[in-house]
$ cat coords-v5.pdb   # PDB, C-alpha atoms
ATOM      1  CA  MET A 145      -4.145  13.230  -6.730  1.00  0.00           C
ATOM      2  CA  GLN A 146      -3.905   9.646  -5.573  1.00  0.00           C
ATOM      3  CA  VAL A 147      -0.439  10.241  -4.103  1.00  0.00           C
ATOM      4  CA  ALA A 148      -1.690  13.275  -2.168  1.00  0.00           C
ATOM      5  CA  ILE A 149      -4.569  11.269  -0.711  1.00  0.00           C
ATOM      6  CA  LEU A 150      -2.189   8.448   0.180  1.00  0.00           C
ATOM      7  CA  MET A 151       0.161  10.856   1.983  1.00  0.00           C
ATOM      8  CA  THR A 152      -2.804  12.359   3.853  1.00  0.00           C
ATOM      9  CA  HIS A 153      -3.987   8.861   4.746  1.00  0.00           C
ATOM     10  CA  VAL A 154      -0.602   7.958   6.244  1.00  0.00           C
ATOM     11  CA  ALA A 155      -0.415  11.240   8.186  1.00  0.00           C
ATOM     12  CA  ILE A 156      -3.906  10.678   9.599  1.00  0.00           C
ATOM     13  CA  ALA A 157      -2.986   7.114  10.597  1.00  0.00           C
ATOM     14  CA  ILE A 158       0.091   8.322  12.490  1.00  0.00           C
ATOM     15  CA  ALA A 159      -1.911  11.101  14.174  1.00  0.00           C
ATOM     16  CA  LEU A 160      -4.575   8.584  15.215  1.00  0.00           C
ATOM     17  CA  VAL A 161      -2.001   6.333  16.834  1.00  0.00           C
ATOM     18  CA  VAL A 162      -0.482   9.267  18.726  1.00  0.00           C
ATOM     19  CA  LEU A 163      -3.868  10.573  19.894  1.00  0.00           C
ATOM     20  CA  ILE A 164      -5.048   7.178  21.059  1.00  0.00           C
ATOM     21  CA  LEU A 165      -1.854   6.689  23.047  1.00  0.00           C
ATOM     22  CA  LEU A 166      -2.244  10.141  24.655  1.00  0.00           C
ATOM     23  CA  GLN A 167      -5.723   9.445  25.995  1.00  0.00           C
ATOM     24  CA  GLN A 168      -6.170   8.246  29.531  1.00  0.00           C
ATOM     25  CA  GLY A 169      -7.698   4.897  30.268  1.00  0.00           C
ATOM     26  CA  LYS A 170     -10.642   4.269  32.581  1.00  0.00           C
ATOM     27  CA  GLY A 171      -8.391   3.468  35.532  1.00  0.00           C
ATOM     28  CA  ALA A 172      -6.373   6.684  35.235  1.00  0.00           C
ATOM     29  CA  GLU A 173      -8.420   8.551  37.881  1.00  0.00           C
ATOM     30  CA  ALA A 174      -6.600   6.708  40.650  1.00  0.00           C
ATOM     31  CA  GLY A 175      -3.326   8.350  39.617  1.00  0.00           C
ATOM     32  CA  ALA A 176      -4.815  11.826  40.099  1.00  0.00           C
ATOM     33  CA  ALA A 177      -4.932  11.238  43.855  1.00  0.00           C
ATOM     34  CA  PHE A 178      -1.122  11.189  43.921  1.00  0.00           C
ATOM     35  CA  GLY A 179      -0.637  14.534  42.157  1.00  0.00           C
ATOM     36  CA  GLY A 180      -1.206  13.581  38.519  1.00  0.00           C
ATOM     37  CA  GLY A 181      -4.361  15.671  38.143  1.00  0.00           C
ATOM     38  CA  ALA A 182      -2.584  18.988  37.629  1.00  0.00           C
ATOM     39  CA  SER A 183      -1.916  18.247  33.955  1.00  0.00           C
ATOM     40  CA  GLN A 184      -5.644  18.336  33.175  1.00  0.00           C
ATOM     41  CA  THR A 185      -5.892  22.077  33.859  1.00  0.00           C
ATOM     42  CA  VAL A 186      -4.433  22.867  30.407  1.00  0.00           C
ATOM     43  CA  PHE A 187      -7.649  21.712  28.702  1.00  0.00           C
ATOM     44  CA  GLY A 188     -10.049  23.163  31.261  1.00  0.00           C
ATOM     45  CA  SER A 189     -11.881  21.808  34.273  1.00  0.00           C
ATOM     46  CA  ARG A 190     -13.240  18.779  32.419  1.00  0.00           C
ATOM     47  CA  GLY A 191      -9.764  17.727  31.376  1.00  0.00           C
ATOM     48  CA  SER A 192      -8.446  16.657  28.000  1.00  0.00           C
ATOM     49  CA  GLY A 193     -10.837  13.737  27.583  1.00  0.00           C
ATOM     50  CA  SER A 194     -13.536  15.602  25.723  1.00  0.00           C
ATOM     51  CA  PHE A 195     -11.153  17.443  23.366  1.00  0.00           C
ATOM     52  CA  LEU A 196      -9.061  14.377  22.546  1.00  0.00           C
ATOM     53  CA  ALA A 197     -12.125  12.191  22.080  1.00  0.00           C
ATOM     54  CA  LYS A 198     -13.717  14.633  19.631  1.00  0.00           C
ATOM     55  CA  PHE A 199     -10.486  15.134  17.697  1.00  0.00           C
ATOM     56  CA  THR A 200      -9.894  11.369  17.555  1.00  0.00           C
ATOM     57  CA  GLY A 201     -13.413  10.880  16.192  1.00  0.00           C
ATOM     58  CA  LEU A 202     -12.814  13.541  13.552  1.00  0.00           C
ATOM     59  CA  LEU A 203      -9.563  11.887  12.491  1.00  0.00           C
ATOM     60  CA  ALA A 204     -11.268   8.484  12.401  1.00  0.00           C
ATOM     61  CA  VAL A 205     -13.911   9.823   9.993  1.00  0.00           C
ATOM     62  CA  ALA A 206     -11.172  11.332   7.813  1.00  0.00           C
ATOM     63  CA  PHE A 207      -9.260   8.027   7.890  1.00  0.00           C
ATOM     64  CA  PHE A 208     -12.312   6.089   6.699  1.00  0.00           C
ATOM     65  CA  ALA A 209     -12.985   8.664   3.975  1.00  0.00           C
ATOM     66  CA  THR A 210      -9.425   8.434   2.642  1.00  0.00           C
ATOM     67  CA  SER A 211      -9.593   4.630   2.840  1.00  0.00           C
ATOM     68  CA  LEU A 212     -12.745   4.545   0.738  1.00  0.00           C
ATOM     69  CA  THR A 213     -11.275   7.036  -1.731  1.00  0.00           C
ATOM     70  CA  LEU A 214      -8.109   4.973  -2.154  1.00  0.00           C
ATOM     71  CA  ALA A 215     -10.204   1.823  -2.620  1.00  0.00           C
ATOM     72  CA  TRP A 216     -12.218   3.580  -5.318  1.00  0.00           C
ATOM     73  CA  PHE A 217      -9.022   4.663  -7.102  1.00  0.00           C
ATOM     74  CA  ALA A 218      -7.754   1.080  -6.969  1.00  0.00           C
ATOM     75  CA  SER A 219     -10.984  -0.280  -8.433  1.00  0.00           C
ATOM     76  CA  GLN A 220     -10.868   2.259 -11.279  1.00  0.00           C
ATOM     77  CA  ALA A 221      -7.266   1.389 -12.153  1.00  0.00           C
ATOM     78  CA  GLY A 222      -8.282  -1.822 -13.883  1.00  0.00           C
ATOM     79  CA  GLU A 223      -9.507  -5.269 -13.179  1.00  0.00           C
ATOM     80  CA  ALA A 224      -7.173  -7.870 -11.821  1.00  0.00           C
ATOM     81  CA  PRO A 225      -6.307 -10.741 -14.136  1.00  0.00           C
ATOM     82  CA  GLU A 226      -8.277 -13.894 -13.608  1.00  0.00           C
ATOM     83  CA  ALA A 227      -6.593 -16.655 -11.699  1.00  0.00           C
ATOM     84  CA  GLY A 228      -6.539 -20.104 -13.187  1.00  0.00           C
ATOM     85  CA  ILE A 229      -5.906 -21.589 -16.602  1.00  0.00           C
ATOM     86  CA  PRO A 230      -5.672 -19.026 -19.430  1.00  0.00           C
ATOM     87  CA  ASP A 231      -7.646 -19.371 -22.654  1.00  0.00           C
ATOM     88  CA  ALA A 232      -6.249 -21.540 -25.446  1.00  0.00           C
ATOM     89  CA  GLU A 233      -6.032 -18.522 -27.777  1.00  0.00           C
ATOM     90  CA  LEU A 234      -3.752 -16.747 -25.328  1.00  0.00           C
ATOM     91  CA  ILE A 235      -1.477 -19.776 -25.086  1.00  0.00           C
ATOM     92  CA  GLU A 236      -1.317 -20.037 -28.900  1.00  0.00           C
ATOM     93  CA  GLN A 237      -0.413 -16.349 -29.163  1.00  0.00           C
ATOM     94  CA  GLN A 238       2.370 -16.800 -26.662  1.00  0.00           C
ATOM     95  CA  ASN A 239       3.711 -19.828 -28.520  1.00  0.00           C
ATOM     96  CA  SER A 240       3.750 -18.005 -31.863  1.00  0.00           C
ATOM     97  CA  VAL A 241       6.052 -15.256 -30.596  1.00  0.00           C
ATOM     98  CA  PRO A 242       9.601 -15.824 -31.874  1.00  0.00           C
ATOM     99  CA  THR A 243      12.234 -16.428 -29.256  1.00  0.00           C
ATOM    100  CA  LEU A 244      15.998 -16.169 -29.335  1.00  0.00           C
ATOM    101  CA  ASP A 245      16.244 -19.911 -29.952  1.00  0.00           C
ATOM    102  CA  ASP A 246      14.099 -19.601 -33.092  1.00  0.00           C
ATOM    103  CA  ALA A 247      16.372 -16.940 -34.577  1.00  0.00           C
ATOM    104  CA  GLY A 248      19.433 -19.131 -34.117  1.00  0.00           C
ATOM    105  CA  ARG A 249      18.109 -22.003 -36.240  1.00  0.00           C
ATOM    106  CA  ASP A 250      18.592 -20.148 -39.530  1.00  0.00           C
ATOM    107  CA  VAL A 251      22.177 -19.134 -38.846  1.00  0.00           C
ATOM    108  CA  ASP A 252      25.174 -21.453 -38.934  1.00  0.00           C
ATOM    109  CA  ASN A 253      26.707 -21.086 -35.497  1.00  0.00           C
ATOM    110  CA  ALA A 254      29.617 -23.444 -36.069  1.00  0.00           C
ATOM    111  CA  ALA A 255      32.828 -21.998 -34.725  1.00  0.00           C
ATOM    112  CA  PRO A 256      35.775 -21.996 -37.110  1.00  0.00           C
ATOM    113  CA  ALA A 257      38.168 -24.859 -36.577  1.00  0.00           C
ATOM    114  CA  LEU A 258      41.676 -24.040 -35.482  1.00  0.00           C
ATOM    115  CA  GLU A 259      44.406 -25.209 -37.797  1.00  0.00           C
ATOM    116  CA  GLU A 260      46.789 -27.689 -36.370  1.00  0.00           C
ATOM    117  CA  SER A 261      50.346 -26.524 -36.233  1.00  0.00           C
ATOM    118  CA  GLY A 262      53.022 -28.837 -37.532  1.00  0.00           C
ATOM    119  CA  ASP A 263      55.353 -29.538 -34.634  1.00  0.00           C
TER     120      ASP A 263
END

$ encode --input "coords-v5.pdb" --output "structure tokens"
Amino acid sequence: MQVAILMTHVAIAIALVVLILLQQGKGAEAGAAFGGGASQTVFGSRGSGSFLAKFTGLLAVAFFATSLTLAWFASQAGEAPEAGIPDAELIEQQNSVPTLDDAGRDVDNAAPALEESGD
């Protein structure tokens, strides 16, 4: 479930970027005087501004909803460990765990000596 929401969140983020880049700025009306206004007839007489603005707002609401959902999943996953000095009991438990060096103390690790050859 969390992976599906994350994939949706990424898709919405990409769609938001594309939609925001498609929208015209406030100074774009000057370009219509030179023949750029014909592209607005696809979305009607008012142009694409109203449609793109409403769709961008809808995607923004969905983006915030998926963000809050992912934050809730992260908070339910478990608490983060505390930063700082750990408790003394935890340090003692870590020190009592046998290591590889401890196992080697009981075993004689002396390598056999090579016999000298009589030359």

$ atom_distance --input "coords-v5.pdb" --atom1 "atom CA of Ala209 of chain A" --atom2 "atom CA of Thr152 of chain A"
10.8 Å

$ atom_distance --input "coords-v5.pdb" --atom1 "atom CA of Leu202 of chain A" --atom2 "atom CA of Gln168 of chain A"
18.1 Å

$ resolve_selection --input "coords-v5.pdb" --expression "the PyMOL selection byres ((chain A and resi 210) around 10)" --output "list in words"
Gln146, Ile149, Leu150, Met151, Thr152, His153, Val154, Ile156, Ala204, Val205, Ala206, Phe207, Phe208, Ala209, Ser211, Leu212, Thr213, Leu214, Ala215 and Trp216 of chain A

$ write_last_selection --input "coords-v5.pdb" --atoms "C-alpha atoms" --output "short mmCIF file (atom, residue, chain, number, x, y, z; two decimals), in the coordinates of the input"
data_model
loop_
_atom_site.label_atom_id
_atom_site.label_comp_id
_atom_site.auth_asym_id
_atom_site.auth_seq_id
_atom_site.Cartn_x
_atom_site.Cartn_y
_atom_site.Cartn_z
CA GLN A 146 -3.90 9.65 -5.57
CA ILE A 149 -4.57 11.27 -0.71
CA LEU A 150 -2.19 8.45 0.18
CA MET A 151 0.16 10.86 1.98
CA THR A 152 -2.80 12.36 3.85
CA HIS A 153 -3.99 8.86 4.75
CA VAL A 154 -0.60 7.96 6.24
CA ILE A 156 -3.91 10.68 9.60
CA ALA A 204 -11.27 8.48 12.40
CA VAL A 205 -13.91 9.82 9.99
CA ALA A 206 -11.17 11.33 7.81
CA PHE A 207 -9.26 8.03 7.89
CA PHE A 208 -12.31 6.09 6.70
CA ALA A 209 -12.98 8.66 3.98
CA SER A 211 -9.59 4.63 2.84
CA LEU A 212 -12.74 4.54 0.74
CA THR A 213 -11.28 7.04 -1.73
CA LEU A 214 -8.11 4.97 -2.15
CA ALA A 215 -10.20 1.82 -2.62
CA TRP A 216 -12.22 3.58 -5.32
#

$ residues_around --input "coords-v5.pdb" --residues "Thr200 of chain A" --least-positions-apart "6" --cutoff "8 Å" --atoms "all atoms listed in the file" --output "PyMOL selection string"
chain A and resi 160+163-164

$ atom_distance --input "coords-v5.pdb" --atom1 "atom CA of Phe217 of chain A" --atom2 "atom CA of Ala155 of chain A"
18.7 Å

$ axis_aligned_box --input "coords-v5.pdb" --around "segment 204-213 of chain A" --padding-each-side "6 Å" --output "AutoDock Vina command-line options"
--center_x -11.6 --center_y 7.9 --center_z 5.3 --size_x 16.7 --size_y 18.8 --size_z 26.1
